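Chemist: This is the content of query.cif (mmCIF, C-alpha atoms and all ligand atoms):
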```cif
data_entry
#
loop_
_atom_site.label_atom_id
_atom_site.label_comp_id
_atom_site.auth_asym_id
_atom_site.auth_seq_id
_atom_site.Cartn_x
_atom_site.Cartn_y
_atom_site.Cartn_z
CA MET Q 299 0.00 0.00 0.00
CA ILE Q 300 2.91 2.35 0.70
CA GLU Q 301 3.95 1.83 -2.93
CA MET Q 302 0.59 3.29 -4.00
CA ILE Q 303 1.30 6.44 -2.00
CA LYS Q 304 4.73 6.72 -3.60
CA LYS Q 305 3.23 6.20 -7.06
CA PHE Q 306 0.55 8.84 -6.42
CA ALA Q 307 3.19 11.29 -5.18
CA LYS Q 308 5.32 10.76 -8.27
CA GLU Q 309 2.42 11.12 -10.69
CA ASN Q 310 1.04 14.21 -8.97
CA ASP Q 311 4.28 16.05 -8.21
CA VAL Q 312 3.94 15.75 -4.47
CA PRO Q 313 7.42 15.93 -2.95
CA ILE Q 314 8.15 13.07 -0.56
CA MET Q 315 11.34 11.91 1.08
CA MET Q 316 13.73 9.96 -1.13
CA ASP Q 317 14.05 6.21 -0.47
CA GLU Q 318 17.52 6.50 1.00
CA GLY Q 319 16.52 9.44 3.19
CA ILE Q 320 13.43 7.76 4.63
CA SER Q 321 15.23 4.50 5.40
CA PHE Q 322 17.98 6.48 7.12
CA LEU Q 323 15.35 8.32 9.17
CA VAL Q 324 13.50 5.10 10.06
CA ASP Q 325 16.78 3.51 11.23
CA PHE Q 326 17.62 6.63 13.21
CA ILE Q 327 14.24 6.45 14.98
CA LYS Q 328 14.84 2.78 15.85
CA GLU Q 329 18.41 3.25 17.04
CA ASN Q 330 17.62 6.26 19.19
CA ASN Q 331 14.40 4.95 20.68
CA VAL Q 332 12.40 7.92 19.42
CA LYS Q 333 8.75 7.77 20.50
CA ASN Q 334 7.20 11.22 20.14
CA ILE Q 335 7.61 13.07 16.88
CA LEU Q 336 6.54 16.42 15.49
CA GLU Q 337 6.67 16.67 11.71
CA ILE Q 338 6.44 19.94 9.79
CA GLY Q 339 5.18 19.25 6.25
CA SER Q 340 3.03 16.11 6.07
CA GLY Q 341 2.65 16.04 2.30
CA ILE Q 342 0.26 13.14 1.72
CA GLY Q 343 1.38 11.29 4.83
CA PHE Q 344 4.17 9.12 3.40
CA SER Q 345 6.92 9.94 5.92
CA SER Q 346 4.63 10.00 8.96
CA ILE Q 347 3.24 6.56 8.04
CA MET Q 348 6.77 5.20 7.55
CA MET Q 349 7.89 6.62 10.91
CA ALA Q 350 4.79 5.38 12.77
CA ASN Q 351 5.29 1.91 11.34
CA VAL Q 352 8.63 1.57 13.16
CA SER Q 353 6.82 0.64 16.38
CA ASP Q 354 3.36 0.64 17.98
CA ASP Q 355 4.40 3.07 20.71
CA ILE Q 356 5.38 5.89 18.37
CA PHE Q 357 3.11 8.97 18.32
CA ILE Q 358 3.27 11.70 15.71
CA ASP Q 359 1.86 15.19 15.35
CA THR Q 360 2.19 16.38 11.77
CA VAL Q 361 1.31 19.75 10.25
CA GLU Q 362 0.33 20.42 6.64
CA LEU Q 363 -0.68 23.79 5.19
CA ASP Q 364 -2.23 22.62 1.92
CA LYS Q 365 -5.88 21.51 2.34
CA GLU Q 366 -5.88 19.03 -0.51
CA ARG Q 367 -2.70 17.30 0.68
CA TYR Q 368 -3.98 17.33 4.24
CA LEU Q 369 -7.13 15.48 3.14
CA LEU Q 370 -5.13 12.94 1.15
CA ALA Q 371 -2.77 12.42 4.09
CA LEU Q 372 -5.72 11.95 6.43
CA ASP Q 373 -7.17 9.34 4.12
CA ASN Q 374 -3.84 7.52 3.86
CA ILE Q 375 -3.35 7.59 7.64
CA ASN Q 376 -6.83 6.08 8.09
CA LYS Q 377 -6.13 3.39 5.49
CA PHE Q 378 -3.12 2.34 7.57
CA ASN Q 379 -5.23 2.42 10.77
CA LEU Q 380 -2.82 4.93 12.23
CA ASP Q 381 -5.36 7.58 13.18
CA LYS Q 382 -4.85 6.89 16.92
CA ARG Q 383 -1.11 7.48 16.62
CA ILE Q 384 -0.80 10.15 13.94
CA ASN Q 385 -2.54 13.49 14.53
CA ILE Q 386 -2.57 15.65 11.46
CA TYR Q 387 -3.27 19.39 11.58
CA ASN Q 388 -4.27 21.49 8.56
CA LEU Q 389 -2.34 24.60 9.58
CA ASP Q 390 0.54 26.86 8.74
CA ALA Q 391 3.34 25.50 10.94
CA LEU Q 392 3.80 29.00 12.35
CA LYS Q 393 0.35 28.65 13.92
CA PHE Q 394 1.07 25.33 15.56
CA ASN Q 395 1.64 26.30 19.18
CA SER Q 396 2.17 23.52 21.66
CA ASP Q 397 3.91 22.99 24.99
CA LYS Q 398 4.33 19.31 24.22
CA LYS Q 399 7.83 17.81 24.34
CA TYR Q 400 9.03 15.64 21.48
CA ASP Q 401 11.99 13.29 21.09
CA LEU Q 402 12.35 14.38 17.48
CA VAL Q 403 11.15 17.29 15.36
CA PHE Q 404 11.32 16.48 11.66
CA ILE Q 405 11.33 19.74 9.72
CA ASP Q 406 10.37 19.04 6.11
CA GLY Q 407 8.09 21.97 5.27
CA PRO Q 408 8.98 25.19 3.44
CA LYS Q 409 12.75 25.18 2.98
CA ALA Q 410 13.04 28.96 3.25
CA GLN Q 411 11.66 28.76 6.78
CA TYR Q 412 13.96 26.12 8.25
CA LYS Q 413 15.65 28.59 10.58
CA LYS Q 414 12.36 30.09 11.71
CA HIS Q 415 10.87 26.64 12.36
CA PHE Q 416 14.00 25.51 14.20
CA GLU Q 417 13.72 28.53 16.51
CA MET Q 418 9.99 28.19 16.87
CA PHE Q 419 10.06 24.53 17.93
CA PHE Q 420 13.35 24.67 19.84
CA ASN Q 421 11.59 24.50 23.22
CA ASN Q 422 9.49 21.53 22.16
CA VAL Q 423 12.58 19.37 22.56
CA ASP Q 424 14.35 18.93 25.89
CA LYS Q 425 16.69 16.10 25.02
CA GLY Q 426 16.28 14.97 21.45
CA TYR Q 427 16.77 15.72 17.82
CA PHE Q 428 15.89 18.03 14.95
CA VAL Q 429 16.06 16.54 11.47
CA PHE Q 430 16.09 18.62 8.27
CA ASP Q 431 15.71 17.13 4.80
CA ASN Q 432 16.64 18.53 1.34
CA ILE Q 433 19.77 20.27 2.57
CA ASN Q 434 21.38 19.71 -0.87
CA PHE Q 435 18.22 20.69 -2.74
CA HIS Q 436 18.94 18.36 -5.64
CA GLY Q 437 22.58 19.44 -5.84
CA MET Q 438 21.67 23.10 -6.32
CA VAL Q 439 22.91 24.26 -2.92
CA ASP Q 440 26.47 23.49 -3.98
CA ASN Q 441 25.86 24.22 -7.64
CA PRO Q 442 23.31 27.04 -8.10
CA ASN Q 443 24.02 27.03 -11.83
CA LEU Q 444 21.85 23.94 -12.09
CA THR Q 445 18.87 26.30 -12.22
CA ASN Q 446 18.13 29.55 -14.01
CA ASN Q 447 14.98 30.18 -12.05
CA ARG Q 448 15.40 33.26 -9.85
CA ASN Q 449 13.05 32.05 -7.12
CA THR Q 450 14.79 28.69 -6.94
CA ARG Q 451 18.17 30.41 -6.73
CA ALA Q 452 16.93 32.60 -3.88
CA LEU Q 453 15.60 29.52 -2.09
CA VAL Q 454 18.84 27.64 -2.59
CA ARG Q 455 20.79 30.61 -1.13
CA LYS Q 456 18.57 30.48 1.96
CA ILE Q 457 19.15 26.75 2.43
CA LYS Q 458 22.91 27.30 2.06
CA LYS Q 459 22.80 30.11 4.63
CA PHE Q 460 20.91 27.84 7.03
CA ARG Q 461 23.34 24.96 6.46
CA ASP Q 462 26.41 27.18 6.95
CA GLU Q 463 24.97 28.76 10.07
CA MET Q 464 24.19 25.38 11.61
CA LEU Q 465 27.58 23.93 10.73
CA ASP Q 466 29.31 26.98 12.25
CA SER Q 467 27.13 26.97 15.36
CA ASP Q 468 27.80 25.48 18.79
CA TYR Q 469 25.00 22.97 18.33
CA ASN Q 470 25.80 19.30 18.01
CA VAL Q 471 25.27 19.09 14.23
CA LYS Q 472 25.77 16.21 11.83
CA TYR Q 473 25.47 16.75 8.10
CA TYR Q 474 24.76 13.62 6.05
CA LYS Q 475 25.61 15.09 2.69
CA ASP Q 476 25.42 11.84 0.76
CA ILE Q 477 22.18 10.50 2.21
CA GLY Q 478 19.12 11.11 0.03
CA ASP Q 479 18.84 14.83 -0.68
CA GLY Q 480 21.16 15.75 2.20
CA ILE Q 481 20.08 15.57 5.84
CA ILE Q 482 21.09 17.59 8.88
CA ILE Q 483 20.55 16.26 12.39
CA ILE Q 484 20.94 18.48 15.42
CA LYS Q 485 21.13 16.85 18.81
CA LYS Q 486 19.85 18.83 21.77
CA GLU Q 487 21.17 17.57 25.09
C1 LIG Q 501 8.56 18.00 1.17
S1 LIG Q 501 6.84 18.04 1.46
C2 LIG Q 501 6.64 16.96 2.82
C3 LIG Q 501 6.90 15.53 2.49
C4 LIG Q 501 6.64 14.56 3.60
N1 LIG Q 501 7.35 14.90 4.81
C5 LIG Q 501 7.05 13.17 3.15
O1 LIG Q 501 8.26 12.91 3.05
O2 LIG Q 501 6.15 12.36 2.87
C6 LIG Q 501 6.63 19.60 2.20
C7 LIG Q 501 5.21 19.92 2.59
O3 LIG Q 501 5.18 21.10 3.39
C8 LIG Q 501 3.97 21.76 3.16
N2 LIG Q 501 4.07 23.14 3.62
C9 LIG Q 501 4.52 24.23 2.93
N3 LIG Q 501 4.46 25.31 3.69
C10 LIG Q 501 3.99 24.93 4.91
C11 LIG Q 501 3.71 25.61 6.11
N4 LIG Q 501 3.92 26.93 6.23
N5 LIG Q 501 3.22 24.91 7.15
C12 LIG Q 501 2.99 23.58 7.04
N6 LIG Q 501 3.24 22.87 5.91
C13 LIG Q 501 3.72 23.54 4.86
C14 LIG Q 501 3.78 21.62 1.65
O4 LIG Q 501 2.43 21.80 1.28
C15 LIG Q 501 4.30 20.22 1.39
O5 LIG Q 501 3.26 19.27 1.34
#
```
Taking this structure as input, can you express it in the form of structure tokens?
Ligand SMILES: C[S@@+](CC[C@H](N)C(=O)[O-])C[C@H]1O[C@@H](n2cnc3c(N)ncnc32)[C@H](O)[C@@H]1O
Modeler:
Amino acid sequence: MIEMIKKFAKENDVPIMMDEGISFLVDFIKENNVKNILEIGSGIGFSSIMMANVSDDIFIDTVELDKERYLLALDNINKFNLDKRINIYNLDALKFNSDKKYDLVFIDGPKAQYKKHFEMFFNNVDKGYFVFDNINFHGMVDNPNLTNNRNTRALVRKIKKFRDEMLDSDYNVKYYKDIGDGIIIIKKE
């Protein structure tokens, strides 16, 4: 059934995590005993379903701005009988205010807002992790000449700025450049 979601995403231009990236994330969740997850950017529910399927005691809150994707994600979550463990919210992530503490915040929404979302959800993690996908943005972060589109170039500059800032910071940061589309993990301890 997960293959159907992947097929739908491909045919309808819905961005979802690359195979290598999602299996890395799933392994990370297993190895680090992650149980409570906040995801920014649900898409049609692919990554939240994959993460919830790691173990029956994993609970996920996931936030999606786009109404149509939210409804598709909701439907997919129900098809997998995961509605008791995945709560999906049709909201702009900036409006998701919660005091809840998570073991992991997976930030996979608007790339230009990574820094803002990191700051916004910083207090939702005591000891745990922040994961950011698409840090390479299809190779364009290191090679902006791959696109002539001005908006994409501006976006890619923002991702690069975020990446450089994180790598230069005092946070415990790991950059997995060669995994999927490039992943950054920040450990808060
Ligand atoms: C890369 S996709 C998420 C893919 C999903 N995590 C997966 O791998 O299956 C990013 C999603 O973020 C959503 N998004 C964009 N801006 C947002 C915002 N301000 N708040 C919440 N979601 C947003 C987009 O509609 C899109 O579906």
Chemist: With 10 Å as the threshold, what does the neighbourhood of (-6.4, 7.4, -2.4) contain in terms of residues, counting all atoms listed in the file? Coordinates are those of the file; answer as a list in words.
Modeler: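 Residues with an atom close enough to that point: Met302, Ile303, Phe306, Ile342, Leu369, Leu370, Ala371, Leu372, Asp373, Asn374 and Lys377 of chain Q.
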Chemist: Counting all atoms listed in the file, figure out which residue out of Q:Ser346, Q:Asn310, Q:Asn376, Q:Ser467 gets nearest to ligand LIG 501 (chain Q).
Modeler: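 Smallest separation from ligand LIG 501 (chain Q) among the options: Q:Ser346.
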Chemist: Could you give me the centre and size, in Å to one decimal, of an axis-aligned box around all listed atoms of ligand LIG 501 (chain Q) with 3 Å added on every side, as JSON?
Modeler:
```
{"center_x": 5.5, "center_y": 19.6, "center_z": 4.2, "size_x": 12.1, "size_y": 20.6, "size_z": 12.0}
```
Chemist: Quote the spacing between atom CA of Q:Lys365 and atom CA of Q:Asn388 in Å to one decimal place.
Modeler: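 It comes out at 6.4 Å.
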Chemist: Could you tell me, counting only C-alpha atoms and all ligand atoms, which protein and nucleic acid residues lie no more than 7 Å from ligand LIG 501 (chain Q), written as a list in words?
Modeler: Val312, Pro313, Ile314, Met315, Ile338, Gly339, Ser340, Gly341, Ile342, Gly343, Phe344, Ser345, Ser346, Val361, Glu362, Leu363, Asp364, Arg367, Leu389, Asp390, Ala391, Leu392, Asp406, Gly407 and Pro408 of chain Q
Chemist: Could the residues in this selection be written to a file with C-alpha atoms, as a JSON list (two decimals), keeping the file's coordinate frame?
Modeler:
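As a result, selection.json now contains:
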```
[["chain", "number", "residue", "atom", "x", "y", "z"],
["Q", 312, "VAL", "CA", 3.94, 15.75, -4.47],
["Q", 313, "PRO", "CA", 7.42, 15.93, -2.95],
["Q", 314, "ILE", "CA", 8.15, 13.07, -0.56],
["Q", 315, "MET", "CA", 11.34, 11.91, 1.08],
["Q", 338, "ILE", "CA", 6.44, 19.94, 9.79],
["Q", 339, "GLY", "CA", 5.18, 19.25, 6.25],
["Q", 340, "SER", "CA", 3.03, 16.11, 6.07],
["Q", 341, "GLY", "CA", 2.65, 16.04, 2.30],
["Q", 342, "ILE", "CA", 0.26, 13.14, 1.72],
["Q", 343, "GLY", "CA", 1.38, 11.29, 4.83],
["Q", 344, "PHE", "CA", 4.17, 9.12, 3.40],
["Q", 345, "SER", "CA", 6.92, 9.94, 5.92],
["Q", 346, "SER", "CA", 4.63, 10.00, 8.96],
["Q", 361, "VAL", "CA", 1.31, 19.75, 10.25],
["Q", 362, "GLU", "CA", 0.33, 20.42, 6.64],
["Q", 363, "LEU", "CA", -0.68, 23.79, 5.19],
["Q", 364, "ASP", "CA", -2.23, 22.62, 1.92],
["Q", 367, "ARG", "CA", -2.70, 17.30, 0.68],
["Q", 389, "LEU", "CA", -2.34, 24.60, 9.58],
["Q", 390, "ASP", "CA", 0.54, 26.86, 8.74],
["Q", 391, "ALA", "CA", 3.34, 25.50, 10.94],
["Q", 392, "LEU", "CA", 3.80, 29.00, 12.35],
["Q", 406, "ASP", "CA", 10.37, 19.04, 6.11],
["Q", 407, "GLY", "CA", 8.09, 21.97, 5.27],
["Q", 408, "PRO", "CA", 8.98, 25.19, 3.44]]
```
Chemist: Could you jot down the atom CA of Q:Ile327 to atom CA of Q:Glu366 separation for me, Å, one decimal place?
Modeler: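 Atom CA of Q:Glu366 lies at a distance of 28.3 Å from atom CA of Q:Ile327.
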Chemist: With distances taken over all atoms listed in the file, which of Q:Asn434, Q:Thr360, Q:Ser321, Q:Thr445 is nearest to Q:Ile405?
Modeler: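 Comparing Q:Asn434, Q:Thr360, Q:Ser321, Q:Thr445 against Q:Ile405, the winner is Q:Thr360.
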Chemist: For atom CA of Q:Glu337 and atom CA of Q:Met438, quote the distance in Å rounded to one decimal.
Modeler: 24.3 Å
Chemist: Excluding same-chain residues fewer than 3 positions from Q:Ser353, what lies within 9 Å of it counting all atoms listed in the file, as a ChimeraX atom specification?
Modeler: /Q:328,333,349-350,356
Chemist: Name all residues at most 12 Å from Q:Phe326 (count only C-alpha atoms; drop same-chain ones fewer than 4 positions away) and give them as a PyMOL selection string.
Modeler: chain Q and resi 319-322+330-333+349+352+401-402+404+426-429+481+483
Chemist: Under the rule that all atoms listed in the file are counted, which of Q:Tyr400, Q:Phe435, Q:Tyr469, Q:Phe357 is the nearest residue to Q:Val423?
Modeler: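 Result for the nearest residue to Q:Val423: Q:Tyr400.
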Chemist: Counting only C-alpha atoms, write as a list in words all protein and nucleic acid residues lying at most 12 Å from (19.2, 30.7, 4.0) in the file's frame.
Modeler: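 With a cut-off of 12 Å, the residues come to Pro408, Lys409, Ala410, Gln411, Tyr412, Lys413, Lys414, Ile433, Val439, Thr450, Arg451, Ala452, Leu453, Val454, Arg455, Lys456, Ile457, Lys458, Lys459, Phe460, Arg461, Asp462, Glu463 and Met464 of chain Q.
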Chemist: If you count only C-alpha atoms, which residues fall within 12 Å of Q:Glu301, apart from same-chain ones fewer than 6 positions away, as a PDB file with C-alpha atoms, keeping the file's coordinate frame?
Modeler:
```
ATOM      1  CA  ALA Q 307       3.190  11.290  -5.180  1.00  0.00           C
ATOM      2  CA  LYS Q 308       5.320  10.760  -8.270  1.00  0.00           C
ATOM      3  CA  ASP Q 317      14.050   6.210  -0.470  1.00  0.00           C
ATOM      4  CA  PHE Q 344       4.170   9.120   3.400  1.00  0.00           C
ATOM      5  CA  ILE Q 347       3.240   6.560   8.040  1.00  0.00           C
ATOM      6  CA  MET Q 348       6.770   5.200   7.550  1.00  0.00           C
ATOM      7  CA  ASN Q 374      -3.840   7.520   3.860  1.00  0.00           C
TER       8      ASN Q 374
END
```
Chemist: For Q:Gly478, which residue among Q:Glu309, Q:Asn432, Q:Ile386, Q:Glu329 is the nearest when counting only C-alpha atoms?
Modeler: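 Selected residue with least distance to Q:Gly478: Q:Asn432.
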Chemist: Let me make sure I understand: among Q:Lys485, Q:Val324, Q:Lys475, Q:Phe394, which one has the smallest atom-to-atom distance to Q:Asp440 if we use all atoms listed in the file?
Modeler: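 Among the listed residues, the smallest separation from Q:Asp440 belongs to Q:Lys475.
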Chemist: Kindly indicate which residue among Q:Asn449, Q:Asn379, Q:Asn395, Q:Asn441 lies nearest to Q:Phe420, using all atoms listed in the file for the distances.
Modeler: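 Closest residue, counting all atoms listed in the file: Q:Asn395.
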